[in-house]
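Everything on this sheet refers to the single structure shown next.
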Amino acid sequence: MSGIEQRTVTTDEAGMRLDRWFKTHFPGLGFGHLQKLLRTGQVRVDGKRVEASTRIAGGQVVRIPPMQVDAKVQAKDSANAKPKARKLVAGDREAVEAMTVYEDREVMVLNKPAGLAVQGGSGLTRHLDGMLEAFRDAKGEKPRLVHRLDRETSGILLLAKTRKAAQSLSKSFRARQTRKIYWALVAGVPKPRQGRISTYLARDEDEERMRIARHGETDAQHSVSLYSVVENAGPKVSWVSLRPITGRTHQLRAHAAHIGHPIIGDPKYFNIENFEFPGGLQNKLHLHARRIVIPHPSGRGSIDVSAPLPAHMQQSWNLLGFDAAQYDPETNDPED
């Protein structure tokens, strides 16, 4: 890559070691070369010198200098390169505008469809971060991601339209001033019907899923989720409202599987053998980021936005006799 780049750390990347962060975004960068860039102060975080073991926080800005990368390896992840990684594609702006459920001068809130990746990765040619190039202004700025959703998870995704807004929103995430509510369809009926899941999570060896870890394990992070059963269709499946207190990768999916009630259609964590899907349900991930409540970065009031269910989940709700319109967030949202 050529030229100096400033990249903002997303909330979901908070707590990562800097060397792992570079491996994720620049897989073709050798560790020795990264060490040299760190020693000479060419890589900095918020303008300060750092070490490979430094743990980064959401909202921090990483200075990325021109780097020598293995072209063969980096080509697999070329979609991550910014801003030249992806040419403008006709219809991108209109597609993002169609997803927008709230917008003002500082913030955009999208209802991301299932199947659309938020950021680039191996084999991906289309992702939301690339589509946002269509919004880059005369100053070179475009809406910034302040958190992420898994590719197959639909729903609320918050974007900051200015650097100041990104810093404010990321601070709210770190301070746990954000209320995120997810809806899911899970196997069985969790007991008790309201509960708290607290574990340590770490990446599995293949780094494509998370596993339950022990306290003190390398890179293990404490993870807490709240859940509440809204309604169930007999003993087979339940509509569950989930609230992540922490924001780890795959947290809700791993936690649901951990308590023995994996999310329907989850290709990575559904672990019940010979499970028979109720007739008519699609074998797709039934996890939707339904609602977000967060202080507005202007300091005035808060953002409180909800997103309707995606088509495959609405079909399941209809088949099971669940009525999303009867949901009362003040009654059903999980509480501490």
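Here's how to read the names in the structure tokens: chain A, B, ... by the order shown, residue numbers from 1 in each chain, ligand numbers from 1 in the order shown.
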Could you list, as a VMD selection string, every residue within 7 Å of A:Ile56, counting only C-alpha atoms and ignoring same-chain residues fewer than 2 positions away? chain A and resid 14 to 18 54 58
Could you pull out all residues of stretch 208-282 of chain A with a DSSP call of strand (DSSP E or B) and give them as number ranges by chain? A: 210-213, 221-233, 237-244, 263
Those same residues, written as a compact mmCIF listing (two decimals), in the first residue's frame with C-alpha atoms?
```
# COMPACT_ATOMS: atom_id res chain seq x y z
CA MET A 210 -15.58 -18.43 19.48
CA ARG A 211 -15.32 -20.96 22.29
CA ILE A 212 -16.01 -20.88 25.99
CA ALA A 213 -12.69 -20.23 27.71
CA GLN A 221 -12.46 -11.90 27.34
CA HIS A 222 -15.25 -11.70 29.90
CA SER A 223 -18.62 -11.68 28.14
CA VAL A 224 -22.07 -11.03 29.58
CA SER A 225 -25.49 -11.35 27.93
CA LEU A 226 -29.04 -11.06 29.27
CA TYR A 227 -31.98 -12.93 27.79
CA SER A 228 -35.75 -13.05 28.16
CA VAL A 229 -38.18 -15.53 26.59
CA VAL A 230 -40.93 -13.48 24.95
CA GLU A 231 -43.02 -16.39 23.66
CA ASN A 232 -42.60 -20.05 22.78
CA ALA A 233 -44.21 -22.43 20.31
CA VAL A 237 -38.62 -23.21 19.67
CA SER A 238 -38.74 -19.86 21.46
CA TRP A 239 -38.72 -16.19 20.56
CA VAL A 240 -36.02 -14.71 22.76
CA SER A 241 -35.00 -11.11 23.36
CA LEU A 242 -31.25 -10.76 23.96
CA ARG A 243 -29.22 -7.90 25.36
CA PRO A 244 -25.41 -8.05 25.10
CA ILE A 263 -30.06 -19.98 17.49
```
Can you measure atom CA of A:Glu106 to atom CA of A:Arg174 for me? One decimal in Å is fine.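 Atom CA of A:Arg174 lies at a distance of 19.1 Å from atom CA of A:Glu106.
The neighbours of stretch 32-48 of chain A here are the residues that come within 6 Å of it, using only C-alpha atoms and leaving out any residue fewer than 5 positions away in the same chain; they are A:Gln60, A:Val61, A:Val62, A:Arg63, A:Ile64.
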Pick from A:Gln6, A:Thr11, A:Ser168, A:Asn271: nearest to A:Glu141, with only C-alpha atoms counted? A:Gln6
Name all residues at most 9 Å from stretch 107-112 of chain A (count only C-alpha atoms; drop same-chain ones fewer than 4 positions away) and give them as a ChimeraX atom specification. /A:96-103,116,118,128,143,149,153-162,165-166,289-290,296-297,305-308
Taking the DSSP secondary structure from the backbone, can you list the residues of stretch 183-279 of chain A that are helix (DSSP H, G or I), as an MDAnalysis selection string? chainID A and resid 251:258
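Coordinates place atom CA of A:Glu208 at a distance of 16.5 Å from atom CA of A:Gly115.
Distances here use only C-alpha atoms; by that measure, the residue among A:Val89, A:Leu287, A:Leu281, A:Asp328 closest to A:Arg126 is A:Val89.
The shortest atom-to-atom distance to A:Gly321, with only C-alpha atoms taken into account, belongs to A:Gly234 out of A:Gly234, A:Glu13, A:Arg203, A:Gln194.
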To one decimal in Å, tell me the separation between atom CA of A:His312 and atom CA of A:Gly130.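 Between atom CA of A:His312 and atom CA of A:Gly130 the gap works out to 25.6 Å.
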